[in-house]
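Quick look at structure-v4.txt (compact mmCIF, C-alpha atoms and all ligand atoms):
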```
# COMPACT_ATOMS: atom_id res chain seq x y z
CA MET A 10 22.04 8.66 3.27
CA GLU A 11 19.33 11.26 2.75
CA PRO A 12 16.43 11.31 3.31
CA PHE A 13 16.89 8.33 5.62
CA SER A 14 19.15 9.90 8.22
CA SER A 15 16.90 12.94 8.65
CA ARG A 16 13.94 10.60 9.13
CA ARG A 17 15.87 8.84 11.87
CA ARG A 18 16.77 12.17 13.46
CA ALA A 19 13.13 13.26 13.42
CA LEU A 20 12.09 9.95 14.96
CA LEU A 21 14.85 10.07 17.58
CA ALA A 22 13.70 13.55 18.60
CA ARG A 23 10.27 12.12 19.46
CA LEU A 24 11.30 8.71 20.69
CA ASP A 25 10.45 7.99 24.33
CA GLY A 26 12.52 4.80 24.48
CA ALA A 27 14.51 2.44 22.25
CA ALA A 28 13.21 1.22 18.89
CA LEU A 29 14.07 -1.99 17.12
CA ILE A 30 13.05 -2.36 13.47
CA PRO A 31 13.94 -5.68 11.80
CA ALA A 32 14.10 -6.52 8.11
CA ALA A 33 11.33 -8.41 6.33
CA LEU A 34 11.72 -12.18 6.52
CA VAL A 35 12.76 -14.25 3.55
CA ALA A 36 9.85 -16.52 2.61
CA LEU A 37 10.40 -19.91 1.00
CA ARG A 38 8.29 -20.53 -2.07
CA ASN A 39 8.97 -24.22 -2.64
CA ASN A 40 11.92 -26.46 -1.82
CA ASP A 41 14.95 -24.13 -1.95
CA VAL A 42 13.37 -21.34 -4.02
CA GLU A 43 12.53 -18.10 -2.25
CA HIS A 44 9.73 -15.65 -2.89
CA GLU A 45 10.93 -12.38 -4.33
CA TYR A 46 12.35 -10.38 -1.47
CA ARG A 47 11.05 -6.94 -0.56
CA GLN A 48 12.35 -5.00 2.40
CA ASP A 49 10.04 -4.10 5.28
CA SER A 50 8.64 -0.62 4.64
CA ASP A 51 9.53 0.74 8.10
CA LEU A 52 13.16 -0.40 7.86
CA PHE A 53 13.52 0.95 4.33
CA TYR A 54 11.90 4.26 5.36
CA LEU A 55 14.48 4.70 8.13
CA THR A 56 17.62 3.33 6.44
CA GLY A 57 17.29 2.63 2.70
CA MET A 58 18.64 -0.87 3.46
CA VAL A 59 17.29 -3.52 1.06
CA GLU A 60 19.06 -6.64 2.34
CA PRO A 61 17.41 -9.31 4.49
CA GLU A 62 18.35 -9.97 8.14
CA ALA A 63 19.26 -6.34 8.90
CA VAL A 64 18.08 -4.68 12.12
CA LEU A 65 17.96 -0.99 12.99
CA LEU A 66 18.25 -0.12 16.67
CA LEU A 67 17.60 3.41 17.92
CA VAL A 68 18.81 4.09 21.46
CA PRO A 69 18.38 7.77 22.40
CA HIS A 70 19.57 7.21 26.00
CA HIS A 71 22.76 5.35 25.16
CA PRO A 72 25.83 7.35 26.27
CA VAL A 73 27.46 7.39 22.79
CA HIS A 74 25.35 5.78 20.11
CA ARG A 75 21.94 6.86 18.80
CA ALA A 76 21.50 4.68 15.72
CA VAL A 77 23.00 1.21 15.37
CA MET A 78 22.66 -1.34 12.59
CA PHE A 79 23.08 -5.08 12.61
CA VAL A 80 23.74 -6.48 9.13
CA ARG A 81 24.87 -9.62 7.33
CA PRO A 82 28.68 -9.67 7.22
CA ARG A 83 30.52 -9.86 3.91
CA GLU A 84 30.86 -13.46 2.76
CA PRO A 85 32.55 -13.72 -0.65
CA GLY A 86 31.49 -17.36 -1.11
CA ARG A 87 27.80 -16.45 -0.71
CA GLU A 88 28.12 -13.16 -2.56
CA ALA A 89 29.27 -15.06 -5.65
CA TRP A 90 25.79 -16.60 -5.70
CA ASP A 91 23.54 -13.82 -4.37
CA GLY A 92 25.40 -10.60 -5.18
CA PRO A 93 27.31 -8.14 -3.00
CA ARG A 94 26.36 -7.22 0.55
CA VAL A 95 26.98 -3.88 2.23
CA GLY A 96 28.73 -5.66 5.09
CA VAL A 97 29.62 -4.48 8.58
CA GLU A 98 32.67 -2.38 7.62
CA ASP A 99 30.81 -0.16 5.15
CA ALA A 100 27.48 0.04 6.97
CA VAL A 101 28.41 2.98 9.24
CA GLN A 102 29.44 5.16 6.31
CA ARG A 103 26.77 3.95 3.91
CA PHE A 104 23.80 4.43 6.27
CA GLY A 105 25.20 7.20 8.46
CA VAL A 106 24.68 5.24 11.69
CA ASP A 107 26.91 5.40 14.76
CA ALA A 108 27.89 1.73 14.84
CA ALA A 109 27.35 -1.49 12.91
CA TYR A 110 27.75 -5.13 13.92
CA PRO A 111 27.19 -8.58 12.42
CA VAL A 112 23.57 -9.59 12.92
CA ALA A 113 24.75 -12.71 14.77
CA GLU A 114 25.82 -10.38 17.64
CA LEU A 115 22.35 -8.90 18.13
CA ALA A 116 21.36 -11.10 21.08
CA ASP A 117 24.62 -10.39 22.95
CA ARG A 118 24.72 -6.65 22.32
CA LEU A 119 21.03 -5.86 22.78
CA PRO A 120 20.89 -6.05 26.61
CA GLY A 121 23.63 -3.41 26.92
CA TYR A 122 21.93 -1.11 24.44
CA LEU A 123 18.52 -1.49 26.06
CA ALA A 124 19.80 -0.37 29.46
CA ARG A 125 18.48 3.09 30.49
CA HIS A 126 15.48 2.72 28.14
CA ASP A 127 12.23 2.05 29.96
CA ARG A 128 10.30 1.49 26.77
CA LEU A 129 10.97 -0.48 23.59
CA HIS A 130 9.20 0.17 20.32
CA TYR A 131 9.08 -3.24 18.67
CA ARG A 132 6.39 -5.12 16.76
CA LEU A 133 5.82 -8.29 18.78
CA GLY A 134 4.24 -11.32 17.15
CA ARG A 135 5.44 -10.96 13.58
CA ASP A 136 8.45 -13.28 13.83
CA ARG A 137 8.79 -15.60 16.79
CA ALA A 138 12.57 -16.04 16.38
CA THR A 139 13.20 -12.28 16.64
CA ASP A 140 10.65 -12.06 19.48
CA GLU A 141 12.71 -14.66 21.35
CA ARG A 142 15.91 -12.67 20.91
CA VAL A 143 14.27 -9.42 22.00
CA LEU A 144 12.55 -10.94 25.02
CA GLY A 145 15.76 -12.74 25.98
CA ALA A 146 17.65 -9.41 25.80
CA ILE A 147 15.07 -7.71 28.01
CA GLU A 148 15.40 -10.52 30.52
CA LYS A 149 19.19 -10.08 30.54
CA ALA A 150 18.91 -6.28 30.83
CA ARG A 151 16.47 -6.78 33.72
CA ALA A 152 18.91 -9.13 35.46
CA ARG A 153 21.65 -6.52 35.16
CA GLY A 154 19.46 -3.55 36.10
CA ARG A 155 19.88 -1.77 39.43
CA SER A 156 17.08 0.77 39.23
CA PRO A 157 13.45 0.30 38.23
CA LEU A 158 14.00 2.32 35.04
CA ALA A 159 17.06 0.43 33.82
CA TRP A 160 15.32 -1.84 31.31
CA PRO A 161 12.28 -1.71 29.03
CA ALA A 162 9.25 -2.26 31.23
CA GLN A 163 6.94 -1.60 28.27
CA ILE A 164 6.97 -2.89 24.72
CA VAL A 165 4.94 -0.68 22.40
CA ASP A 166 4.03 -1.04 18.75
CA PRO A 167 6.27 1.15 16.55
CA ALA A 168 3.09 2.08 14.72
CA VAL A 169 2.59 4.76 17.32
CA LEU A 170 5.57 6.76 16.06
CA VAL A 171 6.94 5.34 12.82
CA HIS A 172 3.59 4.89 11.12
CA GLU A 173 2.42 8.34 12.11
CA ALA A 174 5.57 9.75 10.48
CA ARG A 175 4.96 7.73 7.30
CA LEU A 176 1.38 8.95 7.04
CA VAL A 177 2.40 12.48 6.04
CA LYS A 178 4.48 12.40 2.88
CA SER A 179 7.35 14.78 2.07
CA PRO A 180 7.68 16.46 -1.35
CA GLY A 181 10.29 13.82 -2.26
CA GLU A 182 7.90 11.00 -1.41
CA ILE A 183 5.09 12.68 -3.36
CA ALA A 184 7.46 12.96 -6.35
CA ASN A 185 8.02 9.19 -6.20
CA MET A 186 4.29 8.61 -6.01
CA ARG A 187 3.70 10.94 -8.96
CA ARG A 188 6.20 8.95 -11.02
CA ALA A 189 4.55 5.69 -9.94
CA ALA A 190 1.21 7.13 -11.07
CA GLU A 191 2.63 8.12 -14.49
CA ILE A 192 4.00 4.64 -15.14
CA THR A 193 0.73 3.13 -13.97
CA ARG A 194 -1.20 5.42 -16.32
CA ASP A 195 0.85 4.12 -19.27
CA ALA A 196 0.24 0.54 -18.19
CA HIS A 197 -3.53 1.08 -18.05
CA LEU A 198 -3.50 2.79 -21.47
CA GLY A 199 -1.65 -0.22 -22.85
CA ALA A 200 -4.26 -2.59 -21.39
CA MET A 201 -7.14 -0.51 -22.81
CA ARG A 202 -5.57 -0.57 -26.26
CA LEU A 203 -4.89 -4.31 -26.18
CA ALA A 204 -8.28 -5.51 -24.92
CA ALA A 205 -10.27 -7.15 -27.73
CA ASP A 206 -12.65 -9.97 -28.42
CA GLY A 207 -10.73 -13.26 -27.99
CA ARG A 208 -7.84 -11.85 -25.96
CA HIS A 209 -7.20 -13.29 -22.52
CA GLU A 210 -7.04 -11.45 -19.21
CA PHE A 211 -3.44 -12.61 -18.80
CA GLU A 212 -2.43 -10.75 -21.94
CA LEU A 213 -3.51 -7.49 -20.29
CA ASP A 214 -1.76 -8.58 -17.10
CA ALA A 215 1.41 -9.15 -19.16
CA VAL A 216 1.28 -5.74 -20.84
CA ILE A 217 0.80 -4.05 -17.47
CA ARG A 218 3.77 -5.85 -15.92
CA GLU A 219 5.86 -5.13 -19.00
CA VAL A 220 5.23 -1.37 -18.76
CA PHE A 221 6.12 -1.47 -15.06
CA ARG A 222 9.39 -3.30 -15.68
CA ARG A 223 10.33 -1.32 -18.77
CA ASN A 224 10.12 1.83 -16.67
CA GLY A 225 12.41 0.45 -14.02
CA CYS A 226 9.85 -0.56 -11.41
CA GLU A 227 11.00 -3.58 -9.47
CA ARG A 228 7.50 -4.94 -8.97
CA PRO A 229 3.79 -4.20 -8.97
CA ALA A 230 2.55 -2.68 -5.71
CA TYR A 231 0.12 -5.66 -5.51
CA GLY A 232 -0.90 -8.46 -7.87
CA PRO A 233 -2.72 -6.88 -10.83
CA ILE A 234 -6.44 -7.66 -11.02
CA VAL A 235 -7.76 -8.13 -14.56
CA GLY A 236 -11.37 -9.24 -14.24
CA SER A 237 -13.55 -9.44 -17.33
CA GLY A 238 -17.27 -10.19 -17.53
CA PRO A 239 -18.49 -11.71 -14.25
CA ASN A 240 -14.91 -11.73 -12.86
CA ALA A 241 -15.20 -7.95 -12.49
CA THR A 242 -17.59 -8.62 -9.60
CA ILE A 243 -14.93 -10.56 -7.61
CA LEU A 244 -13.13 -7.92 -5.54
CA HIS A 245 -9.78 -9.72 -5.22
CA TYR A 246 -9.90 -11.70 -8.47
CA ARG A 247 -6.35 -12.82 -9.27
CA LYS A 248 -6.49 -15.68 -11.74
CA ASN A 249 -6.53 -13.38 -14.77
CA ALA A 250 -7.19 -16.38 -17.02
CA ARG A 251 -10.52 -15.81 -18.80
CA ARG A 252 -10.96 -15.26 -22.51
CA MET A 253 -12.65 -11.90 -23.05
CA ALA A 254 -15.46 -11.26 -25.48
CA ASP A 255 -17.18 -8.29 -27.06
CA GLY A 256 -19.93 -7.19 -24.74
CA ASP A 257 -17.80 -7.71 -21.58
CA LEU A 258 -16.57 -5.01 -19.31
CA VAL A 259 -13.06 -5.53 -17.97
CA LEU A 260 -12.00 -4.18 -14.59
CA VAL A 261 -8.26 -3.56 -14.28
CA ASP A 262 -6.92 -2.72 -10.81
CA ALA A 263 -3.15 -2.38 -11.13
CA GLY A 264 -0.42 -0.10 -9.84
CA CYS A 265 3.35 -0.21 -9.87
CA GLU A 266 5.76 0.24 -7.01
CA HIS A 267 8.36 2.87 -7.83
CA GLU A 268 11.31 3.33 -5.46
CA TYR A 269 9.25 1.64 -2.74
CA TYR A 270 6.17 3.85 -3.31
CA ALA A 271 2.88 2.44 -4.54
CA SER A 272 0.22 3.56 -6.92
CA ASP A 273 -3.22 1.96 -6.89
CA VAL A 274 -5.46 2.61 -9.86
CA THR A 275 -8.60 1.01 -11.30
CA ARG A 276 -10.29 1.56 -14.63
CA THR A 277 -13.23 -0.37 -16.05
CA PHE A 278 -13.74 -0.40 -19.81
CA PRO A 279 -15.62 -2.22 -22.57
CA VAL A 280 -13.72 -4.95 -24.44
CA SER A 281 -15.44 -3.87 -27.66
CA GLY A 282 -14.55 -0.20 -27.16
CA THR A 283 -18.21 0.79 -26.64
CA PHE A 284 -20.25 0.63 -23.42
CA SER A 285 -23.72 -0.93 -23.77
CA PRO A 286 -26.54 1.32 -22.47
CA ALA A 287 -26.84 -0.76 -19.24
CA GLN A 288 -23.06 -0.78 -18.66
CA ARG A 289 -22.98 2.95 -19.27
CA ARG A 290 -25.71 3.59 -16.68
CA ILE A 291 -23.76 1.72 -14.01
CA TYR A 292 -20.45 3.25 -15.05
CA GLU A 293 -21.84 6.78 -14.86
CA ILE A 294 -23.18 6.24 -11.33
CA VAL A 295 -19.74 5.07 -10.16
CA LEU A 296 -18.04 7.93 -11.99
CA GLU A 297 -20.37 10.49 -10.45
CA ALA A 298 -19.66 9.02 -7.00
CA GLU A 299 -15.92 9.04 -7.61
CA LEU A 300 -15.85 12.65 -8.81
CA ALA A 301 -18.02 13.82 -5.90
CA ALA A 302 -15.84 11.95 -3.40
CA ILE A 303 -12.64 13.40 -4.88
CA GLU A 304 -14.17 16.89 -4.60
CA ALA A 305 -14.73 16.21 -0.90
CA VAL A 306 -11.01 15.58 -0.26
CA ARG A 307 -9.43 18.57 1.48
CA PRO A 308 -7.67 19.38 4.73
CA GLY A 309 -10.07 18.88 7.63
CA ALA A 310 -12.28 16.40 5.74
CA THR A 311 -12.13 12.75 6.84
CA VAL A 312 -11.89 9.40 5.09
CA ASP A 313 -15.29 8.57 6.63
CA GLY A 314 -16.74 11.83 5.26
CA VAL A 315 -15.37 11.10 1.78
CA HIS A 316 -16.96 7.63 1.97
CA GLU A 317 -20.31 9.16 2.96
CA VAL A 318 -20.27 11.37 -0.14
CA ALA A 319 -19.59 8.34 -2.35
CA VAL A 320 -22.31 6.28 -0.65
CA ARG A 321 -24.92 9.01 -0.99
CA THR A 322 -24.16 9.42 -4.71
CA ILE A 323 -24.25 5.65 -5.30
CA VAL A 324 -27.58 5.31 -3.48
CA LEU A 325 -29.15 8.17 -5.47
CA GLY A 326 -27.94 6.50 -8.67
CA LEU A 327 -29.32 3.10 -7.67
CA VAL A 328 -32.70 4.70 -6.91
CA ARG A 329 -32.63 6.47 -10.29
CA ILE A 330 -32.19 3.19 -12.19
CA GLY A 331 -34.66 1.26 -10.03
CA VAL A 332 -32.23 -1.09 -8.26
CA LEU A 333 -33.18 0.49 -4.92
CA ARG A 334 -36.58 1.87 -3.99
CA GLY A 335 -37.52 4.27 -1.23
CA ASP A 336 -36.33 7.41 0.47
CA PRO A 337 -32.60 7.90 -0.30
CA SER A 338 -31.74 9.18 3.20
CA ARG A 339 -33.39 6.16 4.77
CA LEU A 340 -31.65 3.85 2.29
CA VAL A 341 -28.29 5.41 3.21
CA ALA A 342 -29.05 4.99 6.92
CA GLU A 343 -29.95 1.34 6.31
CA CYS A 344 -26.76 0.74 4.27
CA ALA A 345 -28.92 -0.46 1.38
CA HIS A 346 -25.92 -0.05 -0.93
CA LYS A 347 -23.90 -2.73 0.90
CA PRO A 348 -24.86 -5.73 -1.28
CA TYR A 349 -23.53 -3.84 -4.34
CA PHE A 350 -20.84 -1.55 -2.87
CA MET A 351 -19.36 -3.57 -0.05
CA HIS A 352 -15.96 -1.94 0.46
CA ARG A 353 -14.77 1.42 1.75
CA THR A 354 -14.11 4.32 -0.62
CA SER A 355 -10.58 5.17 0.54
CA HIS A 356 -7.44 3.92 2.21
CA TRP A 357 -4.09 5.54 2.91
CA LEU A 358 -1.56 5.04 0.12
CA GLY A 359 2.22 5.20 0.42
CA MET A 360 5.00 2.65 0.70
CA ASP A 361 2.34 0.03 1.34
CA VAL A 362 -0.66 -0.06 -0.95
CA HIS A 363 -2.87 -0.14 2.13
CA ASP A 364 -0.58 2.23 3.90
CA VAL A 365 -0.03 2.64 7.62
CA GLY A 366 -1.41 5.29 9.95
CA ALA A 367 -4.46 5.44 12.20
CA TYR A 368 -7.82 6.25 10.61
CA HIS A 369 -9.28 7.30 13.94
CA VAL A 370 -7.61 9.36 16.62
CA GLY A 371 -9.06 9.74 20.11
CA GLY A 372 -12.17 7.87 18.99
CA ALA A 373 -12.95 10.31 16.16
CA PRO A 374 -12.23 10.10 12.41
CA ARG A 375 -8.87 11.71 11.74
CA PRO A 376 -8.93 14.99 9.81
CA LEU A 377 -7.03 14.90 6.52
CA ALA A 378 -3.95 17.13 6.37
CA PRO A 379 -1.59 18.24 3.58
CA GLY A 380 0.82 15.46 2.61
CA MET A 381 -1.57 12.61 3.28
CA VAL A 382 -2.39 10.45 0.25
CA ILE A 383 -5.56 8.44 -0.16
CA THR A 384 -7.27 6.43 -2.86
CA VAL A 385 -10.82 7.20 -3.93
CA GLU A 386 -12.40 4.05 -5.32
CA PRO A 387 -16.15 3.55 -5.27
CA GLY A 388 -17.58 0.59 -7.16
CA LEU A 389 -20.74 -1.32 -7.99
CA TYR A 390 -20.80 -5.09 -8.28
CA PHE A 391 -23.82 -7.17 -9.29
CA ARG A 392 -23.24 -10.91 -8.96
CA PRO A 393 -24.40 -12.91 -12.01
CA ASP A 394 -27.01 -14.74 -9.91
CA ASP A 395 -28.28 -11.68 -8.01
CA ALA A 396 -32.04 -11.80 -8.49
CA SER A 397 -32.44 -8.49 -6.62
CA VAL A 398 -31.32 -6.51 -9.67
CA PRO A 399 -32.77 -6.32 -13.19
CA PRO A 400 -31.24 -9.01 -15.47
CA GLU A 401 -29.45 -6.42 -17.62
CA TYR A 402 -27.20 -5.49 -14.66
CA ARG A 403 -26.38 -8.99 -13.43
CA GLY A 404 -22.72 -9.92 -13.82
CA LEU A 405 -21.53 -6.30 -14.14
CA GLY A 406 -18.72 -4.94 -12.00
CA VAL A 407 -17.38 -1.39 -12.17
CA ARG A 408 -14.77 0.33 -10.02
CA ILE A 409 -12.94 3.58 -10.69
CA GLU A 410 -9.93 4.34 -8.49
CA ASP A 411 -7.55 7.29 -8.37
CA ASP A 412 -4.78 8.43 -6.03
CA VAL A 413 -5.27 11.80 -4.38
CA VAL A 414 -2.82 13.95 -2.39
CA VAL A 415 -4.24 16.34 0.19
CA ILE A 416 -2.72 19.78 -0.30
CA GLU A 417 -3.25 23.19 1.31
CA GLY A 418 -6.81 24.26 0.42
CA GLY A 419 -7.72 21.12 -1.53
CA ARG A 420 -6.34 18.11 -3.37
CA ARG A 421 -4.18 17.03 -6.28
CA GLU A 422 -5.00 13.91 -8.24
CA LEU A 423 -1.88 11.94 -9.11
CA THR A 424 -3.73 9.95 -11.74
CA ALA A 425 -5.81 12.74 -13.30
CA ASP A 426 -4.62 12.18 -16.86
CA LEU A 427 -5.84 8.60 -17.17
CA PRO A 428 -9.14 8.66 -19.11
CA LYS A 429 -12.30 8.06 -17.12
CA THR A 430 -15.28 9.78 -18.73
CA VAL A 431 -17.27 7.42 -20.97
CA ASP A 432 -16.09 9.20 -24.12
CA ALA A 433 -12.43 9.36 -23.07
CA VAL A 434 -12.39 5.69 -22.05
CA GLU A 435 -13.99 4.60 -25.31
CA ARG A 436 -11.45 6.67 -27.26
CA ALA A 437 -8.54 5.13 -25.30
CA CYS A 438 -9.89 1.61 -25.98
CA ARG A 439 -10.08 2.30 -29.70
CA ALA A 440 -6.64 3.94 -29.91
N1 LIG B 1 -5.73 -2.73 -5.18
C1 LIG B 1 -6.20 -2.87 -3.86
C2 LIG B 1 -7.14 -1.80 -3.49
O1 LIG B 1 -7.68 -1.15 -4.38
O2 LIG B 1 -7.35 -1.49 -2.36
MN MN B 2 -6.85 -0.90 -6.28
MN MN B 3 -7.16 0.76 -3.40
```
Transcribe the structure of this file into structure tokens.
Ligand code: GLY
Ligand code: MN
Ligand code: MN
Amino acid sequence: MEPFSSRRRALLARLDGAALIPAALVALRNNDVEHEYRQDSDLFYLTGMVEPEAVLLLVPHHPVHRAVMFVRPREPGREAWDGPRVGVEDAVQRFGVDAAYPVAELADRLPGYLARHDRLHYRLGRDRATDERVLGAIEKARARGRSPLAWPAQIVDPAVLVHEARLVKSPGEIANMRRAAEITRDAHLGAMRLAADGRHEFELDAVIREVFRRNGCERPAYGPIVGSGPNATILHYRKNARRMADGDLVLVDAGCEHEYYASDVTRTFPVSGTFSPAQRRIYEIVLEAELAAIEAVRPGATVDGVHEVAVRTIVLGLVRIGVLRGDPSRLVAECAHKPYFMHRTSHWLGMDVHDVGAYHVGGAPRPLAPGMVITVEPGLYFRPDDASVPPEYRGLGVRIEDDVVVIEGGRRELTADLPKTVDAVERACRA
């Protein structure tokens, strides 16, 4: 039940209305085959429930119940095919909620539970069928209501409360993320060792997924990106099909999901085990930017501020090698880096790889605080046909990405022991 019931308690203490958090939908892949199921992060965060169709309802103003779950009932015939369900009878004990009902009763029971709550935290627009049930329940509660405050007059996005809670990670959550980072480190080391002239990108993809699975991870946190040669310049390259050759760089962006927590790591390395002088120049600019940006992570800093440090370092590097010309401060102001470094440096990391939580609060960039986790991931990408750069750089893509926890007085890198200096990367490729 822990840590889920204390998370619910903390949320209930701050909740200014009811909250309804449904399970992720099952998605059909083709004909009768489903996509792999993964629970919605909010519902898992608050219950630990991994089955589809479940709903958590928090009702702080109900006379007896605070937390209620709606679940799939036991159904031995179905369970013989799909495996056991928690069921209604065991749900109260298993999840520590005050009551549990079959999910088919949601529409009938919801109006009663929503009474006395003038606000409902619910994410409208994600699933029209659930929207219908919720809106129908509000209509019924309204019809029964005798005072203006007897039913939800406002529907607000649960992001306001649930996502703010998820943004700051507990020591237990950080421990999961540290384990995810360790497994991811081993996967990247395996890919570095395997890369060689004539190997295919999918062979590296396979080794990465194997390390994830062998260590008990249920899935990658996102589809691994293995982009060699010019594919390294495609930010969301996913085919992973090209045959690699000596002289290529290969960009691997892969992270496992461990106990519902993500890691998100990128390394770029030479297939031959040795960077060419041009590749090395680009790599060292990105590395310098990454290290400077990581140094900037501390309580009170902002994601925007960390990005500015990375941008300034990248621009200085591009001026040094003659890709950009002019006054660096003016080039930064003009965003001259954008054709080659077109994404942000950081995003929140947690249960979702691009985790939840507002980046700006009250119109200003949000200050980082202990327990927040971000990625730091500058890159440089020169398209093969980009005539604005010297020919030796065309077709090169480099990104370096690590996961960083904000702690009192500074930062801790979760992925610090994965090689990233030129020498350490070359050694790992030759191992
Ligand atoms: N792997 C996705 C990202 O780096 O944001
Ligand atoms: Mn990534
Ligand atoms: Mn990332």
Would you give me, as JSON lines, each residue of region 222-271 of chain A having an atom within 12 Å of an atom of region 47-51 of chain A, along with its shortest atom pair and that distance in Å to one decimal, using all atoms listed in the file and sorting by chain and residue number?
```
{"residue": "A:Glu227", "atom": "CA", "partner": "A:Arg47", "partner_atom": "CA", "distance": 9.5}
{"residue": "A:Arg228", "atom": "CA", "partner": "A:Arg47", "partner_atom": "CA", "distance": 9.3}
{"residue": "A:Pro229", "atom": "CA", "partner": "A:Arg47", "partner_atom": "CA", "distance": 11.4}
{"residue": "A:Ala230", "atom": "CA", "partner": "A:Arg47", "partner_atom": "CA", "distance": 10.8}
{"residue": "A:Glu266", "atom": "CA", "partner": "A:Arg47", "partner_atom": "CA", "distance": 11.0}
{"residue": "A:Glu268", "atom": "CA", "partner": "A:Ser50", "partner_atom": "CA", "distance": 11.2}
{"residue": "A:Tyr269", "atom": "CA", "partner": "A:Ser50", "partner_atom": "CA", "distance": 7.7}
{"residue": "A:Tyr270", "atom": "CA", "partner": "A:Ser50", "partner_atom": "CA", "distance": 9.4}
{"residue": "A:Ala271", "atom": "CA", "partner": "A:Ser50", "partner_atom": "CA", "distance": 11.3}
```
**Prompt:** Excluding same-chain residues fewer than 2 positions from Val431 (chain A), what lies within 8 Å of it counting all atoms listed in the file, as a ChimeraX atom specification?
**Reply:** /A:284,289,292-293,429,433-435
**Message:** Could you tell me how far CA of Gly326 (chain A) sits from CA of Pro374 (chain A), in Å to one decimal place?
**Reply:**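 Going from CA of Pro374 (chain A) over to CA of Gly326 (chain A) covers 26.5 Å.
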**Prompt:** Which residues, written as a PyMOL selection string, have at least one atom at most 10 Å from region 340-354 of chain A, with all atoms listed in the file counted and residues fewer than 6 positions away on the same chain left out?
**Reply:** chain A and resi 242+244+295+298-299+302+312-325+327-328+332-334+383-392+395+397-398+406-408+410
**Message:** I want to know what sits within 6 Å of region 201-217 of chain A, based on only C-alpha atoms, with residues of the same chain fewer than 6 positions away left out; could you give that as a PyMOL selection string?
**Reply:** chain A and resi 235+249-255+280+438+440
**Request:** Have a look at A:Leu65, A:Ala263, A:Ala287, A:Leu52 and name the one nearest to ligand MN 3 (chain B); count all atoms listed in the file.
**Result:**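 Counting all atoms listed in the file, the residue closest to ligand MN 3 (chain B) is A:Ala263.
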**Asked** With all atoms listed in the file as the basis for distance, which of A:Pro180, A:Gly105, A:Gly309, A:Pro279 is at the shortest distance from Pro376 (chain A)?
**Response**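 Going through A:Pro180, A:Gly105, A:Gly309, A:Pro279 one by one, the smallest distance to Pro376 (chain A) is for A:Gly309.
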**Request:** Within 8 Å of ligand LIG 1 (chain B), which residues show up when you count only C-alpha atoms and all ligand atoms? List them as a list of chain:residue names, please.
**Result:**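 So the residues close to ligand LIG 1 (chain B) are A:Tyr231, A:Gly232, A:Pro233, A:Ile234, A:His245, A:Asp262, A:Ala263, A:Gly264, A:Asp273, A:Val274, A:Thr275, A:Ser355, A:His356, A:Val362, A:His363, A:Thr384, A:Glu386, A:Glu410.
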